[in-house]
Amino acid sequence: MSEVIEQTAACWPQVLVSDVSELIRGVTYSKKHATDRPQEGYIPVLRATNIQESRLVLESDLVFVPNSNVSANQRLRAGDIVVATSSGSKHLVGKSGLLHSDWPGSFGAFCAAIRPKANIESRYLAAFLQSPSYWKQVGKKALGVNINNLRRGDIESLTLPLPPLEKQREIVAELEKQFSRLDEAVANLQRVKANLKRYKASVLKAAVEGRLVETEATLARREGRTYETGEQLLQRILEERRATWNGKGKYKEPLSHAPQELPDALEGWTWCSLDVVAEETQLGLDRGREQQRAEPVGVRYVKMNNVSMDGDVQTDELVYVDASQEEVARYELANGDLLFNTRNSLELVGKVGIVRSVPIGTVFNNNLMRIRTCSGVSSVFLGYQMCAPDFRQRMEKVKKATTSVAAVYQKDLLPLPIALPPIREQARIVAEVDRHLSILREVEAEVDANLQRAQTLRQATLAKAFTSYSSVF
């Protein structure tokens with residue numbers, strides 16, 4: 001560790017953030033006057049979600065508000081530091097990013113801007129706002145209050161060591177030198193993660209196109225036997241559904257798949273609608289945030305954030321809600337169920353999770369649709385197909401979106417086409433995909449461990465720069 005950094009914090013006086021900066025409140029605006037598209041007379045506004053990994057995302061996810069809503073002081077300048085002060089996501093509150101160059105925009109009411117004074121280098125102050133000393137103080141100030149909010153006084157009363165300007169710049173130069181090497185390593189690891197994601201997509205694509213394992217048609221021909229084709233399986237499913245119908249009113253045939261340009265089905269495969277293979281679909285139990293709790297009282301409740309983009313349903317950290325016996329009976333999850341995220345932000349709607357290990361009595365949120373497959377269709381195979389690029393492209397065409405939320409409605413989802421191979425081929429495909437994904441998870445776990453080590457090293461370096469051995473928080 002550099003001597004420049006090791007000697008820093010213990011040698012210099014502690015000052016308040018208010019001594020070295022001005023805190024500026026964010027812009028308030030009415031949703032009806034805001035837009036997600038740039039237009040004349042409007043100014044771009046950052047939100048808490050625009051603060052990512054200590055940098056400001058200025059190119060996307062912006063809100064545009066009338067110029068009249070923004071005062072001259074609220075227009076960002078190079079050297080300003082934007083801090084998330086309020087958010088529905090606890091992990092966002094307190095995060096910050098430095099504006100390195102002029103940008104013609106502002107920031108919303110759930111953020112604040114720290115504008116450094118002449119006695120502090122903006123990069124030095126920005127580095128402090130990433131340090132363990134900063135997060136330790138923020139954590140203590142949050143005790144006994146809503147942890148999803150930072151008040152003005154909380155930020156202004158933060159303390160940090162203040163060396164002379166020349167020394168600040170020397171410290172920043174050393175930090176940047178060390179972090180440039182670290183950032184390069186992290187960028188390489190992120191590229192590996194992106195390649196793993198692309199490889200997974202290619203595995204799923206090959207699986208549902210019949211290119212991952214030998215087809216049942218080929219095996220049966222070589223072994224001199226017959227087999228049930230996908231078309232025969234489809235007819236058997238339809239006949240069984242008619243024969244076992246015990247619902248109200250007259251039996252309705254499942255929806256045919258939507259007319260689309262589809263490739264010719266492989267030998268032994270056929271196309272059908274999702275409605276044919278989905279024996280049951282059910283939206284979940286509506287429980288608002290105020291009805292959810294962390295304490296283990298009531299029943300476990302799977303929400304949208306528990307369904308990952310990787311096709312998993314994470315059940316190790318769930319909230320709890322109250323539910324009657326009748327509600328549990330109706331909304332309880334079972335292993336093998338699929339959960340489809342019907343409503344979310346534009347980039348997250350349509351997530352599909354395969355329930356693999358769920359505690360008894362767990363229910364699910366009303367923004368999720370439970371899909372249970374009929375006999376003869378592997379739910380895991382269907383889940384993999386719904387996660388594959390081809391199905392997601394079809395789903396994108398029926399997605400409905402507004403400025404703040406997107407949805408895929410059941411009436412649009414169920415007619416989407418699904419490839420249906422023979423039962424035995426489905427099982428082989430699932431086994432081969434699972435083998436590939438197991439290897440991918442091992443590699444990804446190692447990459448994540450290295451990313452965590454990089455973050456630990458970054459925090460250790462910042463701790464050396466900003467921990468005062470004489471101060472008591």
# chains A, B, ... in the order shown; residues from 1 in each chain; ligands from 1
$ select_by_dssp --residues "stretch 164-404 of chain A" --states "helix (DSSP H, G or I)" --output "MDAnalysis selection string"
chainID A and resid 165:208 216:223 230:243 274:277 289:291 304:306 325:331 379:387 389:396
$ residues_around --residues "A:Ala258" --least-positions-apart "4" --cutoff "9 Å" --atoms "only C-alpha atoms" --output "list in words"
Ser273, Leu414, Pro415, Leu416 and Pro417 of chain A
$ write_last_selection --atoms "C-alpha atoms" --output "short mmCIF file (atom, residue, chain, number, x, y, z; two decimals), in the first residue's frame"
data_model
loop_
_atom_site.label_atom_id
_atom_site.label_comp_id
_atom_site.auth_asym_id
_atom_site.auth_seq_id
_atom_site.Cartn_x
_atom_site.Cartn_y
_atom_site.Cartn_z
CA SER A 273 -49.49 -22.62 -28.29
CA LEU A 414 -50.91 -17.85 -24.03
CA PRO A 415 -51.21 -17.85 -27.86
CA LEU A 416 -47.43 -17.59 -28.30
CA PRO A 417 -45.95 -20.62 -30.11
#
$ closest_atom_pairs --of "stretch 280-300 of chain A" --to "stretch 329-342 of chain A" --cutoff "9 Å" --atoms "only C-alpha atoms" --output "tab-separated table"
residue	atom	partner	partner_atom	distance
A:Gln282	CA	A:Tyr331	CA	7.9
A:Leu283	CA	A:Tyr331	CA	8.3
A:Gly284	CA	A:Tyr331	CA	6.1
A:Leu285	CA	A:Tyr331	CA	6.7
$ write_last_selection --atoms "N, CA and C atoms" --output "compact mmCIF listing (two decimals), in the first residue's frame"
# COMPACT_ATOMS: atom_id res chain seq x y z
N GLN A 282 -52.25 -19.06 -13.10
CA GLN A 282 -52.84 -18.41 -11.94
C GLN A 282 -52.01 -17.20 -11.54
N LEU A 283 -52.64 -16.02 -11.47
CA LEU A 283 -51.97 -14.85 -10.91
C LEU A 283 -51.96 -14.96 -9.40
N GLY A 284 -50.95 -14.34 -8.75
CA GLY A 284 -50.71 -14.54 -7.34
C GLY A 284 -51.54 -13.68 -6.41
N LEU A 285 -51.13 -13.68 -5.16
CA LEU A 285 -51.83 -13.04 -4.05
C LEU A 285 -51.38 -11.59 -3.92
$ residues_around --residues "A:Asp36" --least-positions-apart "5" --cutoff "8 Å" --atoms "only C-alpha atoms" --output "PyMOL selection string"
chain A and resi 61-64+403
$ residues_around --residues "A:Arg394" --least-positions-apart "3" --cutoff "9 Å" --atoms "only C-alpha atoms" --output "PDB file with N, CA and C atoms, in the first residue's frame"
ATOM      1  N   GLN A 260     -47.495 -16.681 -36.942  1.00  0.00           N
ATOM      2  CA  GLN A 260     -46.199 -16.028 -37.052  1.00  0.00           C
ATOM      3  C   GLN A 260     -45.356 -16.798 -38.055  1.00  0.00           C
ATOM      4  N   PRO A 389     -33.761 -17.154 -26.329  1.00  0.00           N
ATOM      5  CA  PRO A 389     -33.893 -15.917 -27.114  1.00  0.00           C
ATOM      6  C   PRO A 389     -35.093 -15.898 -28.048  1.00  0.00           C
ATOM      7  N   ASP A 390     -35.411 -17.021 -28.726  1.00  0.00           N
ATOM      8  CA  ASP A 390     -36.496 -17.014 -29.711  1.00  0.00           C
ATOM      9  C   ASP A 390     -37.842 -16.708 -29.057  1.00  0.00           C
ATOM     10  N   PHE A 391     -38.133 -17.349 -27.922  1.00  0.00           N
ATOM     11  CA  PHE A 391     -39.414 -17.099 -27.258  1.00  0.00           C
ATOM     12  C   PHE A 391     -39.464 -15.672 -26.733  1.00  0.00           C
ATOM     13  N   LYS A 397     -42.857  -8.759 -28.758  1.00  0.00           N
ATOM     14  CA  LYS A 397     -43.820  -8.200 -29.712  1.00  0.00           C
ATOM     15  C   LYS A 397     -45.198  -7.975 -29.089  1.00  0.00           C
ATOM     16  N   VAL A 398     -45.498  -8.664 -27.989  1.00  0.00           N
ATOM     17  CA  VAL A 398     -46.819  -8.505 -27.356  1.00  0.00           C
ATOM     18  C   VAL A 398     -46.720  -7.711 -26.049  1.00  0.00           C
ATOM     19  N   LEU A 416     -48.777 -17.556 -27.724  1.00  0.00           N
ATOM     20  CA  LEU A 416     -47.429 -17.587 -28.297  1.00  0.00           C
ATOM     21  C   LEU A 416     -47.016 -19.028 -28.589  1.00  0.00           C
ATOM     22  N   PRO A 417     -46.307 -19.249 -29.710  1.00  0.00           N
ATOM     23  CA  PRO A 417     -45.946 -20.615 -30.107  1.00  0.00           C
ATOM     24  C   PRO A 417     -44.833 -21.217 -29.269  1.00  0.00           C
TER      25      PRO A 417
END
$ closest_residue --among "A:Glu53, A:Glu261, A:Asp316, A:Glu253" --to "A:Asp275" --atoms "only C-alpha atoms"
A:Glu253
$ residues_around --residues "stretch 377-385 of chain A" --least-positions-apart "5" --cutoff "9 Å" --atoms "only C-alpha atoms" --output "ChimeraX atom specification"
/A:204-205,207-208,274,277-278,311,336-339,352-354,371-372,390-392,418-423,426-427,429-430,433
$ select_by_dssp --residues "stretch 254-468 of chain A" --states "strand (DSSP E or B)" --output "PyMOL selection string"
chain A and resi 270-273+278-283+285+293+299-302+307+312-313+319-321+338-341+343-344+352-354+363-365+368-373+400-401+406-407+417-420
$ atom_distance --atom1 "atom CA of A:Thr270" --atom2 "atom CA of A:Leu255"
15.4 Å
$ atom_distance --atom1 "atom CA of A:Glu444" --atom2 "atom CA of A:Asp312"
14.8 Å
$ residues_around --residues "A:Val65" --least-positions-apart "4" --cutoff "6 Å" --atoms "only C-alpha atoms" --output "JSON, numbers by chain"
{"A": [34, 42, 43]}
$ closest_residue --among "A:Tyr227, A:Phe110, A:Trp135, A:Phe128" --to "A:Gly94" --atoms "only C-alpha atoms"
A:Trp135
$ closest_residue --among "A:Leu182, A:Val313, A:Leu318, A:Met369" --to "A:Gln292" --atoms "only C-alpha atoms"
A:Leu318
$ decode --residues "stretch 378-462 of chain A" --atoms "C-alpha atoms" --output "compact mmCIF listing (two decimals), in the first residue's frame"
# COMPACT_ATOMS: atom_id res chain seq x y z
CA SER A 378 -41.58 -31.13 -18.82
CA SER A 379 -42.03 -27.89 -16.91
CA VAL A 380 -38.26 -27.43 -16.85
CA PHE A 381 -38.07 -27.84 -20.63
CA LEU A 382 -40.88 -25.29 -21.01
CA GLY A 383 -39.10 -22.94 -18.58
CA TYR A 384 -35.87 -23.19 -20.56
CA GLN A 385 -37.79 -22.53 -23.78
CA MET A 386 -39.45 -19.43 -22.28
CA CYS A 387 -35.98 -18.16 -21.25
CA ALA A 388 -34.49 -18.82 -24.69
CA PRO A 389 -33.89 -15.92 -27.11
CA ASP A 390 -36.50 -17.01 -29.71
CA PHE A 391 -39.41 -17.10 -27.26
CA ARG A 392 -38.34 -13.84 -25.66
CA GLN A 393 -38.32 -12.17 -29.08
CA ARG A 394 -41.89 -13.35 -29.64
CA MET A 395 -42.86 -12.10 -26.20
CA GLU A 396 -41.33 -8.68 -26.88
CA LYS A 397 -43.82 -8.20 -29.71
CA VAL A 398 -46.82 -8.50 -27.36
CA LYS A 399 -45.33 -6.46 -24.51
CA LYS A 400 -47.32 -3.35 -23.57
CA ALA A 401 -45.36 -0.44 -22.11
CA THR A 402 -45.91 3.01 -20.60
CA THR A 403 -43.31 5.49 -19.37
CA SER A 404 -42.96 3.76 -15.99
CA VAL A 405 -44.08 0.14 -16.29
CA ALA A 406 -44.50 -2.66 -18.81
CA ALA A 407 -46.82 -5.67 -18.88
CA VAL A 408 -47.43 -8.90 -20.75
CA TYR A 409 -51.09 -9.87 -20.48
CA GLN A 410 -52.27 -13.46 -20.28
CA LYS A 411 -54.43 -13.09 -23.41
CA ASP A 412 -51.30 -12.14 -25.38
CA LEU A 413 -48.93 -14.62 -23.73
CA LEU A 414 -50.91 -17.85 -24.03
CA PRO A 415 -51.21 -17.85 -27.86
CA LEU A 416 -47.43 -17.59 -28.30
CA PRO A 417 -45.95 -20.62 -30.11
CA ILE A 418 -44.00 -23.32 -28.28
CA ALA A 419 -41.93 -26.11 -29.83
CA LEU A 420 -43.06 -29.55 -28.60
CA PRO A 421 -40.64 -32.48 -28.96
CA PRO A 422 -41.27 -36.09 -27.83
CA ILE A 423 -41.28 -36.71 -24.06
CA ARG A 424 -38.03 -38.69 -23.96
CA GLU A 425 -36.27 -36.04 -26.00
CA GLN A 426 -37.48 -33.34 -23.60
CA ALA A 427 -35.84 -35.26 -20.73
CA ARG A 428 -32.53 -35.60 -22.57
CA ILE A 429 -32.54 -31.92 -23.50
CA VAL A 430 -33.17 -30.91 -19.86
CA ALA A 431 -30.35 -33.17 -18.62
CA GLU A 432 -27.88 -31.72 -21.15
CA VAL A 433 -28.88 -28.11 -20.44
CA ASP A 434 -28.53 -28.79 -16.71
CA ARG A 435 -25.02 -30.16 -17.33
CA HIS A 436 -23.98 -27.04 -19.23
CA LEU A 437 -25.56 -24.69 -16.69
CA SER A 438 -23.86 -26.49 -13.80
CA ILE A 439 -20.47 -25.78 -15.39
CA LEU A 440 -21.49 -22.19 -16.08
CA ARG A 441 -22.55 -21.68 -12.46
CA GLU A 442 -19.17 -22.93 -11.22
CA VAL A 443 -17.29 -20.54 -13.50
CA GLU A 444 -19.61 -17.67 -12.64
CA ALA A 445 -19.17 -18.33 -8.91
CA GLU A 446 -15.39 -18.07 -9.34
CA VAL A 447 -15.76 -14.83 -11.32
CA ASP A 448 -18.07 -13.40 -8.64
CA ALA A 449 -15.58 -14.37 -5.93
CA ASN A 450 -12.83 -12.51 -7.78
CA LEU A 451 -15.09 -9.48 -8.23
CA GLN A 452 -15.77 -9.53 -4.50
CA ARG A 453 -12.05 -9.71 -3.78
CA ALA A 454 -11.53 -6.69 -6.04
CA GLN A 455 -14.22 -4.78 -4.17
CA THR A 456 -12.66 -5.74 -0.83
CA LEU A 457 -9.26 -4.49 -2.03
CA ARG A 458 -10.83 -1.23 -3.23
CA GLN A 459 -12.49 -0.68 0.15
CA ALA A 460 -9.27 -1.51 2.02
CA THR A 461 -7.43 1.10 -0.06
CA LEU A 462 -10.10 3.72 0.64
